[in-house]
Amino acid sequence: MTTRVRFAPSPTGYLHIGSARTALFNYLYAKHVGGKFLLRIEDTDLARSTDESTRSILEGLAWLGFSPDEEIVYQSNNADKHRAAALKLLEEGKAYRDFTPKAEPSDKNIKATIAKRARQNQGEKSMRDNPFRDLSKEESAAKAAAGEPFAIRLKIAEVGKTSFEDAVYGLQERDYEEIEDLVLLRSDGHPLYNLAVVCDDIEMEITDVIRGQDHLTNTHKQILIYEALSIKPPRFAHLPLILAPGGKKLSKRIHGEIVSMTTYRDHGFLAAAFRNFLALMGWSAGEEKEIYTLDELTEKFSLEGIHRNPAIFNFDANNPKRWTDDKAIWMNAEYIRTMPLAELLPFVKAELKSAKLWRDEYDDDDKVWFEKTVDLIRERFFTLKDFSAQGRAYFSEDFDFEPAAIDKNLKKFPDLQTWLPELAERFESVEDFTHDPIHEVVVNFAEEKGAKLGQIMNGARALLTGLAVGPSMLAVFETLGKEKSIMRLKSQIAWNS
RNA sequence: GAGGACGUAGGCAAAUCGGUGAUGCCGCCAGACUUUCAAUCUGGAAAUUGCGGGUUCGAGUCCCGUCGCCCUCACCA
């Protein structure tokens with residue numbers, strides 16, 4: 001039997017970082033064993049699901065490069081089948097009609113309400129004391145025929161326990177006493193999550209369910225549904241959660257866009273780098289290696305390498321430099337400076353285009369220059385955004401001067417205001433404007449003025465790039481070329497800023 | 001409240017059947033590169049493996065307890 005796994009997000013927000021990792025692991029597992037990776041949108045809850053979320057999730061997955069091997073399944077399209085399954089169980093006496101009037105949810109603090117109720121019922125009520133549980137078939141049918149609204153609940157046996165072997169967490173057992181007769185179908189005929197998931201997984205012939213640990217205890221309920229339906233449950237593998245700094249829950253509401261996949265795309269992350277980072281959250285190949293290509297991940301991935309302890313995703317909302325996990329940023333930088341240049345170029349091109357810095361000559365006449373320049377500046381860049389931000393001066397005359405750079409490297413040495421234009425004059429006579437000749441000119445110039453070489457170089461850097469840091473100035477002069485170097489050295493704009 | 005998980009340096013991880021000074025990466029600190037650095041190179045600090053017991057010649061690895069943290073418990077998904 002071929003392995004079939006699915007990633008099943010509910011479209012109530014964008015693609016969450018934890019969901020993205022779940023998708024990754026599903027994808028890797030499927031590819032590792034030569035199975036199929038499927039996608040199902042769990043939009044059963046029409047009130048909360050939005051098309052925009054679906055779009056955002058699809059976008060996030062597309063960015064990460066996980067395309068499903070079969071058509072996307074929309075759970076809402078299967079509602080009739082879910083209903084039929086509930087009715088079948090009712091017919092077989094494995095479920096019953098519950099005529100208890102539906103309680104209006106207090107909505108606000110629903111979790112707290114549940115916990116509170118559980119505390120109060122503690123030891124008092126049995127999970128099986130529903131008065132309608134043992135209503136005779138005739139009585140139940142009569143009430144229904146009379147138009148009384150009812151929900152359909154699964155009839156769970158009085159004694160016994162469910163158990164399954166989780167591929168990550170091992171043997172899981174739960175006593176029936178602890179499981180309520182769960183609602184399968186709402187009184188308005190709407191199928192509920194657990195029923196829908198089980199029915200769809202059966203329909204899609206899913207062999208392995210790989211999902212977040214938050215579903216671990218709910219799995220028992222689903223197993224009960226499988227058993228009622230007389231279908232063998234799939235294998236389950238639950239993934240440790242990804243937590244916020246301090247071990248707290250990572251939530252969209254509290255942490256905002258930091259948890260959204262599209263944020264990383266929009267902030268200049270390479271999908272390959274982020275995938276790599278995500279793969280190391282909760283999984284390891286058991287070796288001292290950090291950088292893996294998708295193929296390597298696919299080859300090495302196994303459920304056995306998944307950890308049981310939750311991982312913390314680090315970030316500091318108040319620190320622009322640490323807006324997201326350090327290691328993720330480092331990983332991205334590592335990819336930017338070490339990946340084959342040819343693979344990086346299209347990304348840089350797209351970035352420059354979106355910043356309106358792209359010129360078509362970069363693809364023909366200035367191709368060599370463009371490639372050389374990208375190769376030079378990528379060395380100390382962290383995200384694709386840096387090419388249009390810190391790298392702006394390489395592609396446009398319209399760039400900003402960083403105040404700190406101007407103060408520290410320029411205004412602190414007033415002599416530079418006349419020296420640098422003077423240096424520009426010397427450049428005029430340099431025929432071969434390359435490393436060695438430029439070096440000679442600058443060294444002689446500094447000596448003549450009795451200045452330290454660094455003083456001249458750093459001042460020039462501030463004027464030519466607007467920044468205090470960057471590649472070796474000789475490389476910058478050469479890259480920018482004679483004409484621009486001279487022009488910028490003479491410019492007084494920075495001095496007047 | 002009940003049930004279920006988890007707990008190796010600030011973070012992510014490693015450590016075959018329990019067996020040398022607990023390993024790698026990120027981050028941090030320092031030195032070098034005497035042209036910068038959120039680059040590169042080199043070095044360093046940082047963990048009584050949550051805590052307390054127990055088993056053992058020997059425990060991060062097994063057992064018990066304790067604390068912490070997370071998850072689930074809905075006519076949400």
# chains A, B, ... in the order shown; residues from 1 in each chain; ligands from 1
>>> interface_residues(of="chain B", to="chain A", cutoff="9 Å", atoms="only C-alpha atoms (C1' of nucleotides)", output="ChimeraX atom specification")
/B:1-7,11-14,23-27,35-39,69-77
>>> residues_around(residues="B:G31", least_positions_apart="5", cutoff="12 Å", atoms="only C-alpha atoms (C1' of nucleotides)", output="PyMOL selection string")
chain B and resi 41-44
>>> residues_around(residues="B:G58", least_positions_apart="6", cutoff="12 Å", atoms="only C-alpha atoms (C1' of nucleotides)", output="number ranges by chain")
B: 18-20
>>> write_last_selection(atoms="all heavy atoms", output="mmCIF file, in the first residue's frame")
data_model
loop_
_atom_site.group_PDB
_atom_site.id
_atom_site.type_symbol
_atom_site.label_atom_id
_atom_site.label_comp_id
_atom_site.auth_asym_id
_atom_site.auth_seq_id
_atom_site.Cartn_x
_atom_site.Cartn_y
_atom_site.Cartn_z
ATOM 1 P P G B 18 21.256 0.306 28.634
ATOM 2 O OP1 G B 18 22.529 -0.354 28.838
ATOM 3 O OP2 G B 18 20.189 0.113 29.571
ATOM 4 O "O5'" G B 18 21.444 1.914 28.476
ATOM 5 C "C5'" G B 18 22.614 2.496 28.047
ATOM 6 C "C4'" G B 18 23.300 3.201 29.176
ATOM 7 O "O4'" G B 18 22.603 2.939 30.430
ATOM 8 C "C3'" G B 18 24.704 2.697 29.458
ATOM 9 O "O3'" G B 18 25.671 3.203 28.547
ATOM 10 C "C2'" G B 18 24.927 3.110 30.943
ATOM 11 O "O2'" G B 18 25.425 4.436 31.052
ATOM 12 C "C1'" G B 18 23.514 3.061 31.485
ATOM 13 N N9 G B 18 23.280 2.006 32.480
ATOM 14 C C8 G B 18 22.705 0.784 32.292
ATOM 15 N N7 G B 18 22.578 0.104 33.411
ATOM 16 C C5 G B 18 23.124 0.944 34.392
ATOM 17 C C6 G B 18 23.264 0.762 35.796
ATOM 18 O O6 G B 18 22.916 -0.192 36.475
ATOM 19 N N1 G B 18 23.882 1.861 36.393
ATOM 20 C C2 G B 18 24.298 2.978 35.728
ATOM 21 N N2 G B 18 24.881 3.910 36.467
ATOM 22 N N3 G B 18 24.162 3.163 34.434
ATOM 23 C C4 G B 18 23.559 2.113 33.827
ATOM 24 P P G B 19 26.165 4.687 28.330
ATOM 25 O OP1 G B 19 25.285 5.748 28.848
ATOM 26 O OP2 G B 19 26.538 4.667 26.907
ATOM 27 O "O5'" G B 19 27.507 4.627 29.192
ATOM 28 C "C5'" G B 19 28.002 5.792 29.875
ATOM 29 C "C4'" G B 19 29.439 5.507 30.236
ATOM 30 O "O4'" G B 19 29.442 4.412 31.147
ATOM 31 C "C3'" G B 19 30.229 5.093 29.004
ATOM 32 O "O3'" G B 19 31.057 6.165 28.544
ATOM 33 C "C2'" G B 19 30.999 3.838 29.399
ATOM 34 O "O2'" G B 19 32.384 4.038 29.458
ATOM 35 C "C1'" G B 19 30.488 3.532 30.823
ATOM 36 N N9 G B 19 30.016 2.161 30.986
ATOM 37 C C8 G B 19 29.355 1.346 30.107
ATOM 38 N N7 G B 19 29.054 0.172 30.622
ATOM 39 C C5 G B 19 29.566 0.228 31.919
ATOM 40 C C6 G B 19 29.563 -0.732 32.938
ATOM 41 O O6 G B 19 29.072 -1.854 32.941
ATOM 42 N N1 G B 19 30.194 -0.256 34.097
ATOM 43 C C2 G B 19 30.771 0.985 34.212
ATOM 44 N N2 G B 19 31.325 1.267 35.374
ATOM 45 N N3 G B 19 30.785 1.891 33.261
ATOM 46 C C4 G B 19 30.169 1.451 32.142
ATOM 47 P P U B 20 31.733 7.278 29.430
ATOM 48 O OP1 U B 20 32.838 6.544 30.117
ATOM 49 O OP2 U B 20 30.810 8.129 30.174
ATOM 50 O "O5'" U B 20 32.394 8.256 28.368
ATOM 51 C "C5'" U B 20 33.096 9.392 28.825
ATOM 52 C "C4'" U B 20 34.184 8.976 29.769
ATOM 53 O "O4'" U B 20 35.168 8.201 29.051
ATOM 54 C "C3'" U B 20 34.985 10.098 30.386
ATOM 55 O "O3'" U B 20 34.303 10.603 31.532
ATOM 56 C "C2'" U B 20 36.292 9.417 30.751
ATOM 57 O "O2'" U B 20 36.175 8.632 31.925
ATOM 58 C "C1'" U B 20 36.460 8.466 29.572
ATOM 59 N N1 U B 20 37.273 9.073 28.495
ATOM 60 C C2 U B 20 38.644 9.197 28.728
ATOM 61 O O2 U B 20 39.181 8.846 29.756
ATOM 62 N N3 U B 20 39.355 9.734 27.684
ATOM 63 C C4 U B 20 38.848 10.185 26.481
ATOM 64 O O4 U B 20 39.604 10.648 25.652
ATOM 65 C C5 U B 20 37.427 10.049 26.335
ATOM 66 C C6 U B 20 36.710 9.511 27.320
#
>>> atom_distance(atom1="atom CA of A:Thr479", atom2="atom CA of A:Ala393")
11.2 Å
>>> atom_distance(atom1="atom C1' of B:U66", atom2="atom C1' of B:A15")
26.8 Å
>>> select_by_dssp(residues="stretch 218-422 of chain A", states="strand (DSSP E or B)", output="list in words")
Arg235, Phe236, Ala237, His238, Leu239, Ile242, Leu243, Ala244, Lys248, Lys249, Ser260, Trp283, Ile306, Ala311 and Ile312 of chain A
>>> residues_around(residues="A:Pro403", least_positions_apart="3", cutoff="9 Å", atoms="only C-alpha atoms (C1' of nucleotides)", output="PyMOL selection string")
chain A and resi 406-408+466-467+497
>>> select_by_dssp(residues="stretch 292-474 of chain A", states="helix (DSSP H, G or I)", output="compact mmCIF listing (two decimals) with N, CA and C atoms, in the first residue's frame")
# COMPACT_ATOMS: atom_id res chain seq x y z
N LEU A 294 16.99 20.27 0.27
CA LEU A 294 15.71 19.57 0.36
C LEU A 294 15.90 18.08 0.08
N ASP A 295 16.75 17.79 -0.88
CA ASP A 295 17.00 16.38 -1.20
C ASP A 295 17.63 15.65 -0.03
N GLU A 296 18.55 16.32 0.64
CA GLU A 296 19.19 15.68 1.79
C GLU A 296 18.18 15.47 2.91
N LEU A 297 17.33 16.46 3.12
CA LEU A 297 16.32 16.33 4.17
C LEU A 297 15.40 15.16 3.84
N THR A 298 15.00 15.10 2.61
CA THR A 298 14.12 14.03 2.17
C THR A 298 14.76 12.66 2.41
N GLU A 299 16.02 12.61 2.06
CA GLU A 299 16.72 11.35 2.19
C GLU A 299 16.88 10.93 3.65
N LYS A 300 17.17 11.90 4.51
CA LYS A 300 17.45 11.57 5.90
C LYS A 300 16.26 11.56 6.83
N LEU A 303 10.58 9.46 11.07
CA LEU A 303 9.75 9.76 12.22
C LEU A 303 10.53 9.53 13.52
N GLU A 304 11.50 8.64 13.47
CA GLU A 304 12.29 8.32 14.66
C GLU A 304 13.14 9.52 15.10
N GLY A 305 13.45 10.38 14.16
CA GLY A 305 14.29 11.53 14.50
C GLY A 305 13.52 12.69 15.09
N PRO A 320 14.71 45.41 16.44
CA PRO A 320 14.63 45.25 14.99
C PRO A 320 15.65 44.25 14.45
N LYS A 321 16.78 44.18 15.12
CA LYS A 321 17.81 43.25 14.67
C LYS A 321 17.46 41.81 15.02
N ARG A 322 16.62 41.66 16.02
CA ARG A 322 16.25 40.33 16.49
C ARG A 322 14.76 40.07 16.28
N ASP A 326 17.28 34.20 15.77
CA ASP A 326 18.67 34.41 15.35
C ASP A 326 19.16 33.35 14.39
N LYS A 327 18.84 32.14 14.73
CA LYS A 327 19.37 31.05 13.92
C LYS A 327 18.73 31.04 12.53
N ALA A 328 17.47 31.47 12.48
CA ALA A 328 16.78 31.54 11.19
C ALA A 328 17.46 32.60 10.32
N ILE A 329 17.80 33.73 10.94
CA ILE A 329 18.45 34.80 10.20
C ILE A 329 19.84 34.36 9.74
N TRP A 330 20.55 33.74 10.66
CA TRP A 330 21.88 33.25 10.30
C TRP A 330 21.80 32.26 9.15
N MET A 331 20.82 31.37 9.23
CA MET A 331 20.64 30.35 8.20
C MET A 331 20.38 31.02 6.85
N ASN A 332 19.56 32.05 6.87
CA ASN A 332 19.24 32.75 5.63
C ASN A 332 20.50 33.41 5.05
N ALA A 333 21.28 34.04 5.94
CA ALA A 333 22.51 34.69 5.50
C ALA A 333 23.47 33.66 4.93
N GLU A 334 23.54 32.55 5.59
CA GLU A 334 24.42 31.46 5.16
C GLU A 334 24.05 31.02 3.73
N TYR A 335 22.75 30.90 3.50
CA TYR A 335 22.30 30.52 2.15
C TYR A 335 22.65 31.61 1.15
N ILE A 336 22.38 32.85 1.52
CA ILE A 336 22.64 33.95 0.59
C ILE A 336 24.10 34.02 0.19
N ARG A 337 25.00 33.81 1.13
CA ARG A 337 26.40 33.95 0.74
C ARG A 337 27.06 32.68 0.24
N THR A 338 26.43 31.54 0.42
CA THR A 338 27.10 30.33 -0.05
C THR A 338 26.41 29.61 -1.20
N LEU A 341 25.86 31.28 -7.13
CA LEU A 341 25.45 32.63 -7.52
C LEU A 341 24.29 32.60 -8.52
N ALA A 342 24.36 31.69 -9.45
CA ALA A 342 23.33 31.60 -10.48
C ALA A 342 21.94 31.36 -9.88
N GLU A 343 21.90 30.66 -8.75
CA GLU A 343 20.61 30.40 -8.13
C GLU A 343 20.10 31.61 -7.36
N LEU A 344 21.05 32.40 -6.90
CA LEU A 344 20.66 33.58 -6.12
C LEU A 344 20.17 34.72 -7.01
N LEU A 345 20.78 34.87 -8.17
CA LEU A 345 20.48 36.00 -9.05
C LEU A 345 18.99 36.25 -9.32
N PRO A 346 18.22 35.23 -9.62
CA PRO A 346 16.80 35.50 -9.89
C PRO A 346 16.09 36.13 -8.70
N PHE A 347 16.50 35.73 -7.50
CA PHE A 347 15.87 36.31 -6.29
C PHE A 347 16.26 37.78 -6.14
N VAL A 348 17.53 38.07 -6.44
CA VAL A 348 17.99 39.45 -6.32
C VAL A 348 17.28 40.29 -7.38
N LYS A 349 17.13 39.72 -8.54
CA LYS A 349 16.45 40.42 -9.63
C LYS A 349 15.03 40.78 -9.21
N ALA A 350 14.34 39.81 -8.65
CA ALA A 350 12.96 40.05 -8.22
C ALA A 350 12.91 41.13 -7.15
N GLU A 351 13.86 41.09 -6.23
CA GLU A 351 13.90 42.08 -5.16
C GLU A 351 14.14 43.48 -5.73
N LEU A 352 15.10 43.58 -6.63
CA LEU A 352 15.40 44.89 -7.23
C LEU A 352 14.21 45.39 -8.03
N LYS A 353 13.55 44.47 -8.69
CA LYS A 353 12.37 44.87 -9.48
C LYS A 353 11.31 45.46 -8.58
N SER A 354 11.05 44.78 -7.48
CA SER A 354 9.99 45.27 -6.60
C SER A 354 10.38 46.59 -5.95
N ASP A 360 17.13 46.62 -17.19
CA ASP A 360 17.24 45.48 -18.09
C ASP A 360 18.67 45.19 -18.55
N GLU A 361 19.53 46.21 -18.49
CA GLU A 361 20.92 46.00 -18.92
C GLU A 361 21.60 44.94 -18.04
N TYR A 362 21.09 44.79 -16.81
CA TYR A 362 21.69 43.80 -15.91
C TYR A 362 21.57 42.40 -16.48
N ASP A 363 20.64 42.27 -17.45
CA ASP A 363 20.46 40.96 -18.06
C ASP A 363 21.27 40.79 -19.35
N LYS A 367 25.53 42.42 -17.57
CA LYS A 367 25.35 41.15 -16.87
C LYS A 367 26.56 40.78 -16.01
N VAL A 368 27.72 40.91 -16.61
CA VAL A 368 28.94 40.55 -15.89
C VAL A 368 29.12 41.44 -14.67
N TRP A 369 28.89 42.73 -14.87
CA TRP A 369 29.01 43.67 -13.76
C TRP A 369 28.03 43.32 -12.65
N PHE A 370 26.80 43.05 -13.05
CA PHE A 370 25.74 42.75 -12.10
C PHE A 370 26.09 41.52 -11.25
N GLU A 371 26.53 40.49 -11.92
CA GLU A 371 26.86 39.26 -11.20
C GLU A 371 28.02 39.47 -10.24
N LYS A 372 28.99 40.21 -10.69
CA LYS A 372 30.16 40.47 -9.87
C LYS A 372 29.77 41.30 -8.63
N THR A 373 28.90 42.25 -8.86
CA THR A 373 28.47 43.12 -7.77
C THR A 373 27.66 42.35 -6.73
N VAL A 374 26.72 41.55 -7.21
CA VAL A 374 25.92 40.75 -6.28
C VAL A 374 26.83 39.84 -5.47
N ASP A 375 27.78 39.26 -6.15
CA ASP A 375 28.70 38.34 -5.49
C ASP A 375 29.51 39.07 -4.41
N LEU A 376 29.86 40.30 -4.71
CA LEU A 376 30.65 41.10 -3.77
C LEU A 376 29.84 41.48 -2.52
N ILE A 377 28.64 41.95 -2.73
CA ILE A 377 27.89 42.47 -1.59
C ILE A 377 27.11 41.42 -0.80
N ARG A 378 26.88 40.27 -1.38
CA ARG A 378 26.09 39.26 -0.67
C ARG A 378 26.81 38.73 0.57
N GLU A 379 28.11 38.91 0.58
CA GLU A 379 28.93 38.39 1.67
C GLU A 379 28.43 38.79 3.05
N ARG A 380 27.95 40.04 3.16
CA ARG A 380 27.49 40.43 4.50
C ARG A 380 26.01 40.80 4.55
N LYS A 385 16.11 41.46 1.20
CA LYS A 385 15.78 42.88 1.32
C LYS A 385 17.03 43.75 1.35
N ASP A 386 18.12 43.18 1.89
CA ASP A 386 19.35 43.95 2.00
C ASP A 386 19.87 44.42 0.64
N PHE A 387 19.54 43.67 -0.40
CA PHE A 387 20.03 44.06 -1.72
C PHE A 387 19.42 45.39 -2.17
N SER A 388 18.20 45.65 -1.73
CA SER A 388 17.58 46.91 -2.13
C SER A 388 17.72 47.98 -1.06
N ARG A 392 21.46 49.48 -1.96
CA ARG A 392 20.86 50.45 -2.88
C ARG A 392 21.87 51.29 -3.66
N ALA A 393 22.92 51.72 -2.98
CA ALA A 393 23.90 52.60 -3.62
C ALA A 393 24.61 51.95 -4.81
N TYR A 394 24.54 50.65 -4.90
CA TYR A 394 25.20 49.97 -6.02
C TYR A 394 24.32 50.01 -7.27
N PHE A 395 23.04 50.27 -7.05
CA PHE A 395 22.12 50.20 -8.18
C PHE A 395 21.42 51.52 -8.49
N PRO A 403 23.13 58.43 9.11
CA PRO A 403 23.68 59.50 9.96
C PRO A 403 24.91 59.06 10.75
N ALA A 404 24.86 57.87 11.31
CA ALA A 404 25.98 57.40 12.12
C ALA A 404 27.25 57.29 11.29
N ALA A 405 27.10 56.82 10.06
CA ALA A 405 28.26 56.66 9.19
C ALA A 405 28.85 58.02 8.83
N ILE A 406 27.98 58.98 8.56
CA ILE A 406 28.42 60.32 8.19
C ILE A 406 29.15 60.98 9.35
N ASP A 407 28.57 60.86 10.52
CA ASP A 407 29.19 61.48 11.69
C ASP A 407 30.53 60.85 12.04
N LYS A 408 30.54 59.55 12.09
CA LYS A 408 31.72 58.82 12.55
C LYS A 408 32.86 58.83 11.54
N ASN A 409 32.53 58.72 10.28
CA ASN A 409 33.59 58.58 9.28
C ASN A 409 33.84 59.80 8.41
N LEU A 410 32.96 60.78 8.49
CA LEU A 410 33.13 61.94 7.63
C LEU A 410 33.29 63.24 8.44
N LYS A 411 32.23 63.63 9.11
CA LYS A 411 32.23 64.93 9.78
C LYS A 411 33.24 65.02 10.92
N LEU A 416 38.45 65.92 5.38
CA LEU A 416 37.97 65.04 4.31
C LEU A 416 37.11 65.79 3.30
N GLN A 417 36.52 66.88 3.76
CA GLN A 417 35.62 67.61 2.86
C GLN A 417 36.39 68.16 1.64
N THR A 418 37.66 68.48 1.83
CA THR A 418 38.44 68.93 0.67
C THR A 418 39.29 67.78 0.12
N TRP A 419 39.71 66.91 1.01
CA TRP A 419 40.56 65.80 0.58
C TRP A 419 39.86 64.87 -0.42
N LEU A 420 38.64 64.46 -0.09
CA LEU A 420 37.99 63.47 -0.94
C LEU A 420 37.74 63.97 -2.37
N PRO A 421 37.30 65.21 -2.53
CA PRO A 421 37.19 65.71 -3.91
C PRO A 421 38.56 65.74 -4.58
N GLU A 422 39.58 66.00 -3.79
CA GLU A 422 40.94 66.02 -4.32
C GLU A 422 41.35 64.62 -4.78
N LEU A 423 40.95 63.65 -3.99
CA LEU A 423 41.25 62.25 -4.36
C LEU A 423 40.55 61.93 -5.68
N ALA A 424 39.35 62.47 -5.81
CA ALA A 424 38.59 62.24 -7.03
C ALA A 424 39.38 62.75 -8.24
N GLU A 425 40.03 63.89 -8.05
CA GLU A 425 40.85 64.45 -9.14
C GLU A 425 41.95 63.48 -9.53
N ARG A 426 42.57 62.88 -8.50
CA ARG A 426 43.66 61.93 -8.80
C ARG A 426 43.14 60.73 -9.60
N PHE A 427 41.90 60.35 -9.27
CA PHE A 427 41.31 59.19 -9.95
C PHE A 427 41.16 59.46 -11.46
N GLU A 428 40.95 60.74 -11.80
CA GLU A 428 40.75 61.10 -13.21
C GLU A 428 41.86 60.53 -14.09
N HIS A 435 41.76 47.32 -8.92
CA HIS A 435 42.33 47.16 -7.58
C HIS A 435 43.72 47.76 -7.36
N ASP A 436 44.72 47.24 -8.04
CA ASP A 436 46.10 47.66 -7.78
C ASP A 436 46.38 49.13 -8.05
N PRO A 437 46.01 49.61 -9.24
CA PRO A 437 46.26 51.05 -9.49
C PRO A 437 45.51 51.95 -8.50
N ILE A 438 44.30 51.60 -8.18
CA ILE A 438 43.52 52.41 -7.23
C ILE A 438 44.22 52.40 -5.88
N HIS A 439 44.66 51.23 -5.51
CA HIS A 439 45.33 51.07 -4.23
C HIS A 439 46.54 52.00 -4.14
N GLU A 440 47.31 52.01 -5.19
CA GLU A 440 48.51 52.83 -5.22
C GLU A 440 48.16 54.31 -5.04
N VAL A 441 47.15 54.75 -5.77
CA VAL A 441 46.75 56.15 -5.69
C VAL A 441 46.30 56.53 -4.28
N VAL A 442 45.47 55.68 -3.70
CA VAL A 442 44.93 55.99 -2.38
C VAL A 442 46.03 55.98 -1.32
N VAL A 443 46.90 54.98 -1.40
CA VAL A 443 47.98 54.89 -0.42
C VAL A 443 48.89 56.13 -0.50
N ASN A 444 49.25 56.49 -1.69
CA ASN A 444 50.09 57.68 -1.86
C ASN A 444 49.39 58.92 -1.35
N PHE A 445 48.11 59.01 -1.66
CA PHE A 445 47.33 60.17 -1.25
C PHE A 445 47.28 60.30 0.26
N ALA A 446 47.05 59.19 0.93
CA ALA A 446 46.96 59.20 2.38
C ALA A 446 48.30 59.60 2.99
N GLU A 447 49.34 59.06 2.42
CA GLU A 447 50.68 59.35 2.91
C GLU A 447 50.99 60.84 2.78
N GLU A 448 50.66 61.35 1.64
CA GLU A 448 50.89 62.75 1.32
C GLU A 448 50.17 63.67 2.30
N LYS A 449 48.95 63.27 2.68
CA LYS A 449 48.16 64.09 3.59
C LYS A 449 48.49 63.80 5.05
N LEU A 453 45.32 55.45 6.36
CA LEU A 453 44.61 54.91 5.20
C LEU A 453 43.14 54.69 5.53
N GLY A 454 42.90 54.17 6.73
CA GLY A 454 41.52 53.87 7.13
C GLY A 454 40.63 55.10 7.14
N GLN A 455 41.23 56.21 7.48
CA GLN A 455 40.45 57.45 7.53
C GLN A 455 39.89 57.79 6.14
N ILE A 456 40.77 57.69 5.15
CA ILE A 456 40.37 57.97 3.77
C ILE A 456 39.34 56.94 3.30
N MET A 457 39.67 55.69 3.55
CA MET A 457 38.81 54.59 3.09
C MET A 457 37.41 54.68 3.70
N ASN A 458 37.38 54.88 4.98
CA ASN A 458 36.07 54.92 5.64
C ASN A 458 35.25 56.13 5.22
N GLY A 459 35.96 57.26 5.02
CA GLY A 459 35.26 58.44 4.56
C GLY A 459 34.68 58.19 3.17
N ALA A 460 35.48 57.58 2.34
CA ALA A 460 35.02 57.29 0.98
C ALA A 460 33.84 56.33 1.02
N ARG A 461 33.89 55.38 1.92
CA ARG A 461 32.80 54.41 2.03
C ARG A 461 31.50 55.12 2.38
N ALA A 462 31.60 56.05 3.31
CA ALA A 462 30.40 56.77 3.72
C ALA A 462 29.82 57.54 2.54
N LEU A 463 30.70 58.16 1.78
CA LEU A 463 30.25 58.96 0.65
C LEU A 463 29.74 58.11 -0.51
N LEU A 464 30.41 57.01 -0.77
CA LEU A 464 30.05 56.18 -1.92
C LEU A 464 28.87 55.24 -1.67
N THR A 465 28.72 54.81 -0.42
CA THR A 465 27.65 53.83 -0.18
C THR A 465 26.62 54.30 0.85
N MET A 473 37.01 48.74 0.34
CA MET A 473 36.78 49.92 -0.48
C MET A 473 37.38 49.81 -1.87
N LEU A 474 38.49 49.10 -1.99
CA LEU A 474 39.09 48.95 -3.32
C LEU A 474 38.12 48.24 -4.25
>>> atom_distance(atom1="atom CA of A:Leu195", atom2="atom CA of A:Ala95")
12.0 Å
>>> residues_around(residues="A:Leu39", least_positions_apart="6", cutoff="9 Å", atoms="only C-alpha atoms (C1' of nucleotides)", output="ChimeraX atom specification")
/A:5-9,67-74
